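Just data.csv here, CSV, N, CA and C atoms:
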chain,number,residue,atom,x,y,z
E,1,MET,N,-13.6,68.2,-11.7
E,1,MET,CA,-13.6,67.0,-12.6
E,1,MET,C,-13.8,67.5,-14.0
E,2,ASP,N,-12.9,67.0,-14.9
E,2,ASP,CA,-13.0,67.4,-16.3
E,2,ASP,C,-13.9,66.5,-17.1
E,3,THR,N,-15.0,67.0,-17.6
E,3,THR,CA,-15.9,66.2,-18.3
E,3,THR,C,-15.9,66.5,-19.8
E,4,ALA,N,-14.9,67.2,-20.2
E,4,ALA,CA,-14.8,67.6,-21.6
E,4,ALA,C,-14.4,66.3,-22.4
E,5,VAL,N,-15.0,66.2,-23.6
E,5,VAL,CA,-14.8,65.1,-24.5
E,5,VAL,C,-13.4,65.4,-25.2
E,6,LYS,N,-12.6,64.3,-25.2
E,6,LYS,CA,-11.3,64.5,-25.9
E,6,LYS,C,-11.5,64.6,-27.4
E,7,ARG,N,-10.9,65.7,-27.9
E,7,ARG,CA,-11.0,66.0,-29.4
E,7,ARG,C,-9.5,66.2,-29.9
E,8,ASP,N,-9.3,65.6,-31.1
E,8,ASP,CA,-8.0,65.8,-31.8
E,8,ASP,C,-8.3,66.6,-33.0
E,9,THR,N,-7.3,67.0,-33.7
E,9,THR,CA,-7.4,67.7,-35.0
E,9,THR,C,-6.7,67.0,-36.1
E,10,VAL,N,-7.2,67.2,-37.3
E,10,VAL,CA,-6.5,66.8,-38.6
E,10,VAL,C,-6.6,68.0,-39.5
E,11,THR,N,-5.6,68.1,-40.4
E,11,THR,CA,-5.7,69.1,-41.5
E,11,THR,C,-6.2,68.4,-42.7
E,12,ILE,N,-7.3,69.0,-43.3
E,12,ILE,CA,-7.8,68.5,-44.5
E,12,ILE,C,-7.6,69.5,-45.6
E,13,THR,N,-7.1,69.0,-46.7
E,13,THR,CA,-6.7,69.9,-47.8
E,13,THR,C,-7.7,69.5,-49.0
E,14,TYR,N,-8.1,70.6,-49.7
E,14,TYR,CA,-9.0,70.5,-50.8
E,14,TYR,C,-8.7,71.6,-51.8
E,15,ASN,N,-8.4,71.3,-53.0
E,15,ASN,CA,-8.1,72.3,-54.0
E,15,ASN,C,-7.2,73.4,-53.6
E,16,GLY,N,-6.1,73.0,-52.9
E,16,GLY,CA,-5.1,73.9,-52.5
E,16,GLY,C,-5.4,74.7,-51.2
E,17,ASN,N,-6.5,74.4,-50.6
E,17,ASN,CA,-6.8,75.1,-49.3
E,17,ASN,C,-6.8,74.1,-48.2
E,18,ASP,N,-6.4,74.5,-47.0
E,18,ASP,CA,-6.3,73.7,-45.9
E,18,ASP,C,-7.3,74.2,-44.8
E,19,ASN,N,-7.9,73.2,-44.1
E,19,ASN,CA,-8.7,73.6,-42.9
E,19,ASN,C,-8.4,72.6,-41.8
E,20,ILE,N,-8.3,73.1,-40.6
E,20,ILE,CA,-8.1,72.2,-39.4
E,20,ILE,C,-9.4,71.8,-38.9
E,21,ILE,N,-9.7,70.5,-38.7
E,21,ILE,CA,-11.0,70.0,-38.3
E,21,ILE,C,-10.8,69.2,-37.0
E,22,ASP,N,-11.7,69.5,-36.1
E,22,ASP,CA,-11.7,68.7,-34.8
E,22,ASP,C,-12.4,67.4,-35.0
E,23,TYR,N,-12.0,66.4,-34.4
E,23,TYR,CA,-12.7,65.1,-34.4
E,23,TYR,C,-12.4,64.3,-33.1
E,24,ARG,N,-13.3,63.3,-32.8
E,24,ARG,CA,-13.1,62.4,-31.7
E,24,ARG,C,-12.6,61.1,-32.3
E,25,PRO,N,-11.6,60.4,-31.7
E,25,PRO,CA,-11.1,59.2,-32.2
E,25,PRO,C,-12.2,58.1,-32.5
E,26,ASP,N,-13.3,58.2,-31.7
E,26,ASP,CA,-14.4,57.2,-31.9
E,26,ASP,C,-15.5,57.7,-32.9
E,27,GLU,N,-15.2,58.9,-33.5
E,27,GLU,CA,-16.2,59.4,-34.5
E,27,GLU,C,-16.0,58.7,-35.8
E,28,LYS,N,-17.1,58.5,-36.5
E,28,LYS,CA,-17.1,57.9,-37.8
E,28,LYS,C,-16.4,58.8,-38.9
E,29,VAL,N,-15.7,58.1,-39.8
E,29,VAL,CA,-15.1,58.9,-40.9
E,29,VAL,C,-16.1,59.7,-41.7
E,30,ARG,N,-17.3,59.1,-41.8
E,30,ARG,CA,-18.4,59.8,-42.6
E,30,ARG,C,-18.7,61.1,-42.0
E,31,ALA,N,-18.8,61.2,-40.6
E,31,ALA,CA,-19.1,62.4,-39.9
E,31,ALA,C,-18.0,63.5,-40.2
E,32,VAL,N,-16.8,63.1,-40.2
E,32,VAL,CA,-15.7,64.0,-40.4
E,32,VAL,C,-15.7,64.4,-41.9
E,33,LEU,N,-16.0,63.5,-42.8
E,33,LEU,CA,-16.1,63.8,-44.2
E,33,LEU,C,-17.3,64.8,-44.4
E,34,ASP,N,-18.4,64.6,-43.8
E,34,ASP,CA,-19.5,65.6,-43.9
E,34,ASP,C,-19.1,67.0,-43.4
E,35,GLN,N,-18.4,67.0,-42.3
E,35,GLN,CA,-17.9,68.3,-41.7
E,35,GLN,C,-17.0,68.9,-42.7
E,36,ALA,N,-16.1,68.2,-43.4
E,36,ALA,CA,-15.1,68.7,-44.3
E,36,ALA,C,-15.9,69.3,-45.6
E,37,LEU,N,-16.9,68.5,-46.0
E,37,LEU,CA,-17.7,69.0,-47.2
E,37,LEU,C,-18.4,70.3,-46.8
E,38,ALA,N,-18.9,70.5,-45.6
E,38,ALA,CA,-19.5,71.7,-45.2
E,38,ALA,C,-18.5,72.8,-45.1
E,39,GLU,N,-17.3,72.6,-44.5
E,39,GLU,CA,-16.3,73.6,-44.3
E,39,GLU,C,-15.8,74.1,-45.7
E,40,PHE,N,-15.7,73.2,-46.7
E,40,PHE,CA,-15.2,73.6,-48.0
E,40,PHE,C,-16.3,74.0,-48.9
E,41,HIS,N,-17.5,74.0,-48.5
E,41,HIS,CA,-18.7,74.4,-49.3
E,41,HIS,C,-18.8,73.6,-50.5
E,42,VAL,N,-18.6,72.2,-50.4
E,42,VAL,CA,-18.7,71.3,-51.6
E,42,VAL,C,-20.2,71.0,-51.7
E,43,THR,N,-20.8,71.5,-52.8
E,43,THR,CA,-22.2,71.2,-53.0
E,43,THR,C,-22.5,70.4,-54.3
E,44,SER,N,-21.5,70.3,-55.2
E,44,SER,CA,-21.6,69.6,-56.4
E,44,SER,C,-21.2,68.1,-56.2
E,45,ASN,N,-22.1,67.2,-56.2
E,45,ASN,CA,-21.9,65.8,-56.0
E,45,ASN,C,-21.1,65.4,-54.8
E,46,PRO,N,-21.5,65.9,-53.6
E,46,PRO,CA,-20.8,65.6,-52.4
E,46,PRO,C,-20.7,64.1,-52.1
E,47,HIS,N,-21.7,63.3,-52.6
E,47,HIS,CA,-21.7,61.9,-52.4
E,47,HIS,C,-20.6,61.2,-53.1
E,48,LEU,N,-19.9,61.8,-54.0
E,48,LEU,CA,-18.8,61.2,-54.7
E,48,LEU,C,-17.4,61.5,-54.0
E,49,MET,N,-17.4,62.2,-53.0
E,49,MET,CA,-16.2,62.6,-52.3
E,49,MET,C,-15.8,61.7,-51.2
E,50,GLY,N,-14.5,61.6,-50.9
E,50,GLY,CA,-13.9,60.8,-49.9
E,50,GLY,C,-12.7,61.5,-49.3
E,51,LEU,N,-12.3,60.9,-48.1
E,51,LEU,CA,-11.1,61.4,-47.4
E,51,LEU,C,-10.0,60.4,-47.7
E,52,PHE,N,-8.8,60.9,-48.0
E,52,PHE,CA,-7.7,60.0,-48.4
E,52,PHE,C,-6.5,60.4,-47.6
E,53,THR,N,-5.6,59.4,-47.3
E,53,THR,CA,-4.3,59.7,-46.6
E,53,THR,C,-3.4,60.2,-47.7
E,54,GLU,N,-2.2,60.7,-47.2
E,54,GLU,CA,-1.2,61.2,-48.1
E,54,GLU,C,-0.7,60.1,-49.0
E,55,GLY,N,-0.8,58.8,-48.5
E,55,GLY,CA,-0.4,57.6,-49.3
E,55,GLY,C,-1.5,57.2,-50.3
E,56,ASN,N,-2.5,58.0,-50.5
E,56,ASN,CA,-3.6,57.8,-51.5
E,56,ASN,C,-4.5,56.6,-51.1
E,57,VAL,N,-4.7,56.3,-49.8
E,57,VAL,CA,-5.6,55.3,-49.3
E,57,VAL,C,-6.8,56.0,-48.8
E,58,GLU,N,-8.0,55.5,-49.4
E,58,GLU,CA,-9.2,56.1,-49.0
E,58,GLU,C,-9.7,55.6,-47.6
E,59,LEU,N,-10.1,56.4,-46.8
E,59,LEU,CA,-10.6,56.0,-45.5
E,59,LEU,C,-12.1,55.5,-45.6
E,60,PRO,N,-12.4,54.3,-45.0
E,60,PRO,CA,-13.7,53.8,-45.1
E,60,PRO,C,-14.7,54.6,-44.3
E,61,ASP,N,-15.8,55.0,-44.9
E,61,ASP,CA,-16.8,55.8,-44.3
E,61,ASP,C,-17.3,55.2,-43.0
E,62,GLY,N,-17.5,53.9,-42.9
E,62,GLY,CA,-18.1,53.3,-41.8
E,62,GLY,C,-17.2,53.0,-40.6
E,63,SER,N,-15.9,53.2,-40.8
E,63,SER,CA,-15.0,53.1,-39.7
E,63,SER,C,-14.9,54.3,-38.8
E,64,THR,N,-14.4,54.1,-37.6
E,64,THR,CA,-14.1,55.3,-36.8
E,64,THR,C,-12.8,55.8,-37.2
E,65,MET,N,-12.5,57.0,-36.8
E,65,MET,CA,-11.2,57.6,-37.2
E,65,MET,C,-10.1,56.8,-36.7
E,66,SER,N,-10.2,56.3,-35.5
E,66,SER,CA,-9.1,55.5,-34.9
E,66,SER,C,-9.0,54.1,-35.6
E,67,GLU,N,-10.1,53.5,-36.0
E,67,GLU,CA,-10.1,52.3,-36.7
E,67,GLU,C,-9.4,52.4,-38.1
E,68,ALA,N,-9.6,53.6,-38.7
E,68,ALA,CA,-9.0,53.9,-40.0
E,68,ALA,C,-7.6,54.3,-39.9
E,69,GLY,N,-7.0,54.4,-38.7
E,69,GLY,CA,-5.6,54.6,-38.5
E,69,GLY,C,-5.2,56.1,-38.5
E,70,VAL,N,-6.2,57.0,-38.4
E,70,VAL,CA,-5.9,58.4,-38.4
E,70,VAL,C,-5.3,58.8,-37.1
E,71,LYS,N,-4.2,59.6,-37.2
E,71,LYS,CA,-3.5,60.1,-36.1
E,71,LYS,C,-3.7,61.6,-35.9
E,72,PRO,N,-3.7,62.1,-34.7
E,72,PRO,CA,-3.8,63.6,-34.5
E,72,PRO,C,-2.8,64.3,-35.3
E,73,GLY,N,-3.2,65.4,-36.0
E,73,GLY,CA,-2.2,66.2,-36.7
E,73,GLY,C,-2.0,65.7,-38.1
E,74,GLU,N,-2.6,64.6,-38.5
E,74,GLU,CA,-2.4,64.1,-39.8
E,74,GLU,C,-3.0,64.9,-40.9
E,75,LEU,N,-2.4,64.9,-42.1
E,75,LEU,CA,-3.0,65.6,-43.3
E,75,LEU,C,-3.8,64.6,-44.1
E,76,LEU,N,-5.1,65.0,-44.3
E,76,LEU,CA,-6.0,64.2,-45.1
E,76,LEU,C,-6.4,65.0,-46.3
E,77,ILE,N,-6.7,64.3,-47.4
E,77,ILE,CA,-7.0,64.9,-48.7
E,77,ILE,C,-8.5,64.6,-49.0
E,78,LEU,N,-9.2,65.7,-49.3
E,78,LEU,CA,-10.6,65.6,-49.7
E,78,LEU,C,-10.6,65.6,-51.2
E,79,ARG,N,-11.1,64.5,-51.8
E,79,ARG,CA,-11.2,64.5,-53.3
E,79,ARG,C,-12.2,63.5,-53.7
E,80,GLN,N,-12.5,63.4,-55.0
E,80,GLN,CA,-13.4,62.5,-55.5
E,80,GLN,C,-12.9,61.0,-55.4
E,81,SER,N,-13.8,60.1,-55.0
E,81,SER,CA,-13.4,58.7,-55.0
E,81,SER,C,-13.3,58.2,-56.4
E,82,ALA,N,-12.5,57.1,-56.5
E,82,ALA,CA,-12.4,56.5,-57.8
E,82,ALA,C,-13.7,55.8,-58.2
E,83,VAL,N,-14.4,55.1,-57.2
E,83,VAL,CA,-15.6,54.5,-57.5
E,83,VAL,C,-16.5,54.7,-56.3
E,84,ARG,N,-17.6,55.3,-56.5
E,84,ARG,CA,-18.6,55.6,-55.4
E,84,ARG,C,-20.0,55.7,-56.0
E,85,GLY,N,-20.8,54.8,-55.7
E,85,GLY,CA,-22.1,54.7,-56.4
E,85,GLY,C,-23.2,55.5,-55.7
E,86,GLY,N,-23.1,55.8,-54.5
E,86,GLY,CA,-24.2,56.5,-53.8
E,86,GLY,C,-24.0,56.4,-52.3
E,87,ARG,N,-24.9,57.0,-51.6
E,87,ARG,CA,-24.8,57.0,-50.1
E,87,ARG,C,-25.3,55.7,-49.5
E,88,ASP,N,-24.8,55.4,-48.4
E,88,ASP,CA,-25.2,54.2,-47.7
E,88,ASP,C,-26.6,54.3,-47.1
This entry written out as structure tokens:
Amino acid sequence: MDTAVKRDTVTITYNGNDNIIDYRPDEKVRAVLDQALAEFHVTSNPHLMGLFTEGNVELPDGSTMSEAGVKPGELLILRQSAVRGGRD
């Protein structure tokens, strides 16, 4: 019996560099964002960063990846949010 948790991947780009990150469809966007921040070693104002689609739509931190419409293999962009006051 296979008890492995299903994981998908997305490519996240930041400052011209790409990383492939594993995620679960029911995982919160915030958790994937935190993983991306760690992967890219973002230490300056990480609370101002967000994940965006190629269409420039910011993914809501509180949604799951599937609720946000993220598909396996999709390209997401890590960049500063237009307006972000602090952590929840």
Problem set entry | Counting only C-alpha atoms, the option among E:Asp18, E:Asp8, E:Pro25, E:Leu78 closest to Met65 in chain E |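 Comparing E:Asp18, E:Asp8, E:Pro25, E:Leu78 against Met65 in chain E, the winner is E:Pro25.
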Exercise. Which one of E:His41, E:Lys28, E:Arg79, E:His47 sits closest to Ser63 in chain E if you count all atoms listed in the file?
Worked result: E:Lys28
For this session: Determine which residues of range 2-54 of chain E receive a DSSP assignment of alpha helix (DSSP H), computed from the backbone, and state them as a ChimeraX atom specification.
Result: /E:29-39
Since we have the selection now, will you write its residues out, keeping N, CA and C atoms, as a tab-separated table (two decimals), keeping the file's coordinate frame?
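File again_27.tsv, as written:
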chain	number	residue	atom	x	y	z
E	29	VAL	N	-15.70	58.10	-39.80
E	29	VAL	CA	-15.10	58.90	-40.90
E	29	VAL	C	-16.10	59.70	-41.70
E	30	ARG	N	-17.30	59.10	-41.80
E	30	ARG	CA	-18.40	59.80	-42.60
E	30	ARG	C	-18.70	61.10	-42.00
E	31	ALA	N	-18.80	61.20	-40.60
E	31	ALA	CA	-19.10	62.40	-39.90
E	31	ALA	C	-18.00	63.50	-40.20
E	32	VAL	N	-16.80	63.10	-40.20
E	32	VAL	CA	-15.70	64.00	-40.40
E	32	VAL	C	-15.70	64.40	-41.90
E	33	LEU	N	-16.00	63.50	-42.80
E	33	LEU	CA	-16.10	63.80	-44.20
E	33	LEU	C	-17.30	64.80	-44.40
E	34	ASP	N	-18.40	64.60	-43.80
E	34	ASP	CA	-19.50	65.60	-43.90
E	34	ASP	C	-19.10	67.00	-43.40
E	35	GLN	N	-18.40	67.00	-42.30
E	35	GLN	CA	-17.90	68.30	-41.70
E	35	GLN	C	-17.00	68.90	-42.70
E	36	ALA	N	-16.10	68.20	-43.40
E	36	ALA	CA	-15.10	68.70	-44.30
E	36	ALA	C	-15.90	69.30	-45.60
E	37	LEU	N	-16.90	68.50	-46.00
E	37	LEU	CA	-17.70	69.00	-47.20
E	37	LEU	C	-18.40	70.30	-46.80
E	38	ALA	N	-18.90	70.50	-45.60
E	38	ALA	CA	-19.50	71.70	-45.20
E	38	ALA	C	-18.50	72.80	-45.10
E	39	GLU	N	-17.30	72.60	-44.50
E	39	GLU	CA	-16.30	73.60	-44.30
E	39	GLU	C	-15.80	74.10	-45.70
Exercise. Near range 37-40 of chain E, counting all atoms listed in the file, which residues have an atom at most 8 Å away, once you skip same-chain residues fewer than 4 positions from it, shown as a VMD selection string?
Worked result: chain E and resid 14 19 31 to 33 46 78
Exercise. Taking the backbone alone, and naming residues the way the document does, which bits of range 15-75 of chain E are strand (DSSP E or B) by DSSP, as an MDAnalysis selection string?
Worked result: chainID E and resid 17:23 28 49:52 58 64 75
Exercise. Can you tell me, as a PyMOL selection string, what residues are no more than 5 Å from Ser81 in chain E when counting all atoms listed in the file, ignoring any on the same chain fewer than 2 positions away?
Worked result: chain E and resi 48-50+79+83
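The spacing separating CA of Gln80 in chain E from CA of Ile21 in chain E amounts to 18.9 Å.
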Exercise. Could you name the residues that touch Glu54 in chain E at 6 Å or less, counting all atoms listed in the file, but leaving out those on the same chain fewer than 2 positions away, as number ranges by chain?
Worked result: E: 52, 56-57, 75-77
For this session: Report the distance between CA of Ala68 in chain E and CA of Thr11 in chain E in Å, rounded to one decimal place.
Result: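 Between CA of Ala68 in chain E and CA of Thr11 in chain E the gap works out to 15.6 Å.
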Problem set entry | 8 Å contact set for Lys71 in chain E, only C-alpha atoms, chain neighbours under 3 positions out, as a PyMOL selection string | chain E and resi 10+66+74
For this session: Between CA of Gly62 in chain E and CA of Gln35 in chain E, measure the distance and give it in Å to one decimal.
Result: 15.0 Å
